[in-house]
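Source file: model-v7.cif (mmCIF, N, CA and C atoms)
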data_structure
loop_
_atom_site.label_atom_id
_atom_site.label_comp_id
_atom_site.auth_asym_id
_atom_site.auth_seq_id
_atom_site.Cartn_x
_atom_site.Cartn_y
_atom_site.Cartn_z
N MET A 1 -26.73 -47.58 25.28
CA MET A 1 -25.84 -47.46 24.14
C MET A 1 -24.72 -48.48 24.26
N SER A 2 -24.41 -49.02 23.15
CA SER A 2 -23.35 -50.03 23.16
C SER A 2 -22.00 -49.35 22.93
N GLU A 3 -20.97 -50.16 23.03
CA GLU A 3 -19.62 -49.64 22.88
C GLU A 3 -19.38 -49.10 21.48
N THR A 4 -19.92 -49.72 20.48
CA THR A 4 -19.73 -49.25 19.10
C THR A 4 -20.45 -47.94 18.85
N ASP A 5 -21.57 -47.72 19.53
CA ASP A 5 -22.28 -46.45 19.40
C ASP A 5 -21.41 -45.30 19.89
N TRP A 6 -20.75 -45.50 21.03
CA TRP A 6 -19.87 -44.45 21.56
C TRP A 6 -18.69 -44.20 20.62
N GLN A 7 -18.19 -45.25 20.03
CA GLN A 7 -17.08 -45.09 19.08
C GLN A 7 -17.53 -44.29 17.85
N GLU A 8 -18.74 -44.53 17.40
CA GLU A 8 -19.26 -43.80 16.26
C GLU A 8 -19.45 -42.33 16.61
N VAL A 9 -19.98 -42.05 17.80
CA VAL A 9 -20.18 -40.67 18.24
C VAL A 9 -18.84 -39.96 18.33
N ILE A 10 -17.86 -40.61 18.94
CA ILE A 10 -16.53 -40.01 19.08
C ILE A 10 -15.91 -39.81 17.70
N GLY A 11 -16.09 -40.76 16.80
CA GLY A 11 -15.56 -40.64 15.43
C GLY A 11 -16.19 -39.47 14.69
N VAL A 12 -17.51 -39.32 14.81
CA VAL A 12 -18.20 -38.21 14.15
C VAL A 12 -17.75 -36.88 14.73
N MET A 13 -17.62 -36.82 16.05
CA MET A 13 -17.16 -35.59 16.68
C MET A 13 -15.73 -35.27 16.24
N GLY A 14 -14.88 -36.27 16.17
CA GLY A 14 -13.51 -36.06 15.71
C GLY A 14 -13.47 -35.56 14.28
N ALA A 15 -14.29 -36.15 13.43
CA ALA A 15 -14.36 -35.72 12.03
C ALA A 15 -14.86 -34.28 11.94
N PHE A 16 -15.86 -33.95 12.76
CA PHE A 16 -16.39 -32.59 12.77
C PHE A 16 -15.32 -31.59 13.21
N VAL A 17 -14.59 -31.94 14.25
CA VAL A 17 -13.52 -31.05 14.73
C VAL A 17 -12.44 -30.90 13.65
N LEU A 18 -12.08 -31.99 12.99
CA LEU A 18 -11.07 -31.94 11.93
C LEU A 18 -11.53 -31.06 10.78
N VAL A 19 -12.76 -31.26 10.33
CA VAL A 19 -13.30 -30.46 9.22
C VAL A 19 -13.36 -28.99 9.62
N THR A 20 -13.80 -28.72 10.84
CA THR A 20 -13.86 -27.34 11.32
C THR A 20 -12.47 -26.71 11.34
N ALA A 21 -11.48 -27.45 11.81
CA ALA A 21 -10.11 -26.93 11.86
C ALA A 21 -9.58 -26.66 10.46
N VAL A 22 -9.84 -27.56 9.52
CA VAL A 22 -9.36 -27.38 8.15
C VAL A 22 -10.03 -26.17 7.50
N VAL A 23 -11.34 -26.06 7.66
CA VAL A 23 -12.06 -24.93 7.08
C VAL A 23 -11.59 -23.61 7.70
N THR A 24 -11.37 -23.62 8.99
CA THR A 24 -10.88 -22.41 9.67
C THR A 24 -9.51 -22.01 9.13
N MET A 25 -8.62 -22.96 8.95
CA MET A 25 -7.29 -22.66 8.43
C MET A 25 -7.35 -22.15 7.00
N ILE A 26 -8.24 -22.72 6.19
CA ILE A 26 -8.39 -22.25 4.81
C ILE A 26 -8.87 -20.81 4.79
N ILE A 27 -9.88 -20.51 5.60
CA ILE A 27 -10.40 -19.14 5.67
C ILE A 27 -9.31 -18.20 6.18
N TRP A 28 -8.56 -18.64 7.17
CA TRP A 28 -7.47 -17.83 7.73
C TRP A 28 -6.43 -17.52 6.65
N GLN A 29 -6.05 -18.51 5.86
CA GLN A 29 -5.05 -18.31 4.81
C GLN A 29 -5.58 -17.38 3.71
N PHE A 30 -6.83 -17.54 3.32
CA PHE A 30 -7.40 -16.63 2.33
C PHE A 30 -7.42 -15.20 2.86
N GLY A 31 -7.75 -15.04 4.13
CA GLY A 31 -7.74 -13.71 4.74
C GLY A 31 -6.34 -13.12 4.76
N SER A 32 -5.36 -13.92 5.09
CA SER A 32 -3.97 -13.44 5.11
C SER A 32 -3.52 -13.04 3.72
N THR A 33 -3.86 -13.84 2.74
CA THR A 33 -3.51 -13.53 1.35
C THR A 33 -4.18 -12.24 0.90
N TRP A 34 -5.44 -12.08 1.23
CA TRP A 34 -6.18 -10.87 0.86
C TRP A 34 -5.56 -9.64 1.51
N ARG A 35 -5.20 -9.73 2.80
CA ARG A 35 -4.57 -8.60 3.49
C ARG A 35 -3.21 -8.27 2.88
N ALA A 36 -2.45 -9.29 2.51
CA ALA A 36 -1.14 -9.06 1.91
C ALA A 36 -1.29 -8.37 0.55
N LYS A 37 -2.25 -8.80 -0.24
CA LYS A 37 -2.48 -8.16 -1.53
C LYS A 37 -2.93 -6.71 -1.35
N ALA A 38 -3.79 -6.46 -0.38
CA ALA A 38 -4.24 -5.10 -0.11
C ALA A 38 -3.07 -4.23 0.33
N LEU A 39 -2.20 -4.77 1.18
CA LEU A 39 -1.04 -4.02 1.64
C LEU A 39 -0.10 -3.71 0.48
N LEU A 40 0.11 -4.67 -0.39
CA LEU A 40 0.97 -4.46 -1.55
C LEU A 40 0.39 -3.39 -2.48
N ALA A 41 -0.90 -3.43 -2.71
CA ALA A 41 -1.55 -2.42 -3.55
C ALA A 41 -1.42 -1.04 -2.93
N ARG A 42 -1.59 -0.97 -1.62
CA ARG A 42 -1.47 0.32 -0.93
C ARG A 42 -0.05 0.85 -1.02
N GLU A 43 0.93 -0.02 -0.86
CA GLU A 43 2.33 0.40 -0.97
C GLU A 43 2.65 0.90 -2.37
N GLN A 44 2.10 0.23 -3.39
CA GLN A 44 2.32 0.67 -4.75
C GLN A 44 1.69 2.03 -5.00
N GLU A 45 0.51 2.27 -4.43
CA GLU A 45 -0.13 3.58 -4.57
C GLU A 45 0.70 4.65 -3.88
N TYR A 46 1.23 4.35 -2.68
CA TYR A 46 2.09 5.31 -1.99
C TYR A 46 3.35 5.60 -2.80
N ARG A 47 3.92 4.56 -3.39
CA ARG A 47 5.13 4.74 -4.21
C ARG A 47 4.83 5.63 -5.41
N LYS A 48 3.69 5.38 -6.07
CA LYS A 48 3.30 6.19 -7.21
C LYS A 48 3.08 7.65 -6.78
N LEU A 49 2.43 7.84 -5.65
CA LEU A 49 2.19 9.18 -5.14
C LEU A 49 3.51 9.88 -4.81
N ALA A 50 4.46 9.15 -4.22
CA ALA A 50 5.76 9.74 -3.90
C ALA A 50 6.51 10.11 -5.18
N GLU A 51 6.43 9.28 -6.20
CA GLU A 51 7.08 9.60 -7.47
C GLU A 51 6.47 10.84 -8.09
N GLN A 52 5.16 10.97 -8.02
CA GLN A 52 4.49 12.16 -8.55
C GLN A 52 4.91 13.40 -7.78
N ALA A 53 5.06 13.25 -6.47
CA ALA A 53 5.49 14.39 -5.65
C ALA A 53 6.91 14.81 -6.02
N VAL A 54 7.78 13.87 -6.27
CA VAL A 54 9.15 14.19 -6.67
C VAL A 54 9.16 14.91 -8.01
N VAL A 55 8.37 14.42 -8.96
CA VAL A 55 8.29 15.07 -10.27
C VAL A 55 7.76 16.49 -10.13
N ALA A 56 6.74 16.66 -9.30
CA ALA A 56 6.17 18.00 -9.08
C ALA A 56 7.20 18.92 -8.43
N GLN A 57 7.94 18.40 -7.48
CA GLN A 57 8.96 19.20 -6.81
C GLN A 57 10.07 19.60 -7.79
N GLN A 58 10.48 18.69 -8.65
CA GLN A 58 11.50 19.01 -9.65
C GLN A 58 11.00 20.07 -10.62
N GLU A 59 9.75 19.96 -11.02
CA GLU A 59 9.16 20.96 -11.91
C GLU A 59 9.11 22.32 -11.23
N THR A 60 8.75 22.33 -9.97
CA THR A 60 8.71 23.59 -9.22
C THR A 60 10.10 24.20 -9.11
N GLU A 61 11.09 23.39 -8.83
CA GLU A 61 12.47 23.88 -8.76
C GLU A 61 12.91 24.44 -10.10
N ARG A 62 12.54 23.77 -11.18
CA ARG A 62 12.89 24.26 -12.52
C ARG A 62 12.23 25.60 -12.79
N GLN A 63 10.98 25.74 -12.41
CA GLN A 63 10.27 27.01 -12.61
C GLN A 63 10.89 28.11 -11.75
N LEU A 64 11.26 27.77 -10.51
CA LEU A 64 11.89 28.77 -9.65
C LEU A 64 13.24 29.22 -10.20
N ALA A 65 13.99 28.30 -10.77
CA ALA A 65 15.27 28.66 -11.38
C ALA A 65 15.05 29.62 -12.53
N GLY A 66 14.05 29.36 -13.35
CA GLY A 66 13.72 30.27 -14.45
C GLY A 66 13.28 31.62 -13.94
N LEU A 67 12.51 31.62 -12.88
CA LEU A 67 12.05 32.87 -12.28
C LEU A 67 13.22 33.67 -11.73
N ARG A 68 14.17 32.98 -11.10
CA ARG A 68 15.36 33.67 -10.58
C ARG A 68 16.15 34.31 -11.71
N GLU A 69 16.32 33.57 -12.80
CA GLU A 69 17.04 34.11 -13.95
C GLU A 69 16.36 35.37 -14.47
N ARG A 70 15.04 35.34 -14.58
CA ARG A 70 14.32 36.53 -15.06
C ARG A 70 14.43 37.69 -14.09
N MET A 71 14.38 37.39 -12.79
CA MET A 71 14.52 38.45 -11.79
C MET A 71 15.91 39.09 -11.86
N GLU A 72 16.93 38.25 -11.99
CA GLU A 72 18.29 38.77 -12.10
C GLU A 72 18.44 39.62 -13.35
N SER A 73 17.84 39.18 -14.44
CA SER A 73 17.87 39.95 -15.69
C SER A 73 17.19 41.30 -15.51
N MET A 74 16.03 41.28 -14.84
CA MET A 74 15.32 42.55 -14.60
C MET A 74 16.13 43.46 -13.69
N GLU A 75 16.80 42.90 -12.70
CA GLU A 75 17.63 43.71 -11.81
C GLU A 75 18.77 44.36 -12.59
N ARG A 76 19.39 43.60 -13.48
CA ARG A 76 20.47 44.15 -14.30
C ARG A 76 19.95 45.28 -15.18
N ILE A 77 18.78 45.07 -15.78
CA ILE A 77 18.20 46.10 -16.64
C ILE A 77 17.90 47.35 -15.83
N LEU A 78 17.32 47.18 -14.63
CA LEU A 78 17.00 48.34 -13.79
C LEU A 78 18.25 49.08 -13.34
N LYS A 79 19.31 48.33 -13.05
CA LYS A 79 20.56 48.98 -12.65
C LYS A 79 21.16 49.76 -13.83
N GLU A 80 21.03 49.23 -15.04
CA GLU A 80 21.52 49.95 -16.22
C GLU A 80 20.71 51.20 -16.50
N VAL A 81 19.42 51.15 -16.22
CA VAL A 81 18.55 52.30 -16.46
C VAL A 81 18.86 53.41 -15.44
N GLU A 82 19.19 53.08 -14.22
CA GLU A 82 19.49 54.09 -13.19
C GLU A 82 20.71 54.78 -13.59
#
Using structure tokens, write down the structure that the file contains.
Amino acid sequence: MSETDWQEVIGVMGAFVLVTAVVTMIIWQFGSTWRAKALLAREQEYRKLAEQAVVAQQETERQLAGLRERMESMERILKEVE
């Protein structure tokens, strides 16, 4: 092999390593972006679920307040009947 043959082999190997590195970085960045989007979607779902839980808790508290009022009313009526 002559000197130029070795230079060509080294050049091809260098190009292959460069292309491999670039492709790897592109795949890595797409994976990072995909994971970030998935994490954001999951956080939004958790936020929505937490908001629904708060609304449900407020509704339950409202119902309990109404129930307390009715119980107090019934107690007053029973005390008047005695």
Using the file's own x, y and z axes, so that the box edges lie along x, y and z, what centre and edge lengths in Å (one decimal) does a box around every listed atom of range 9-22 of chain A get when 4 Å is added on each side? Give it as JSON.
{"center_x": -14.8, "center_y": -34.1, "center_z": 13.3, "size_x": 18.8, "size_y": 23.9, "size_z": 19.6}
query: So how far away is atom N of Val19 in chain A from CA of Gln7 in chain A, in Å?
result: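 Spanning CA of Gln7 in chain A to atom N of Val19 in chain A is a straight-line distance of 16.9 Å.
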task: Just give me the gap between atom C of Glu69 in chain A and CA of Val81 in chain A in Å, one decimal is fine.
output: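 If I compute the distance from atom C of Glu69 in chain A to CA of Val81 in chain A, I get 17.2 Å.
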- prompt: Suppose you want the space between atom C of Leu18 in chain A and CA of Gly31 in chain A; what is it in Å?
  reply: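 Computed distance, atom C of Leu18 in chain A to CA of Gly31 in chain A, equals 18.8 Å.
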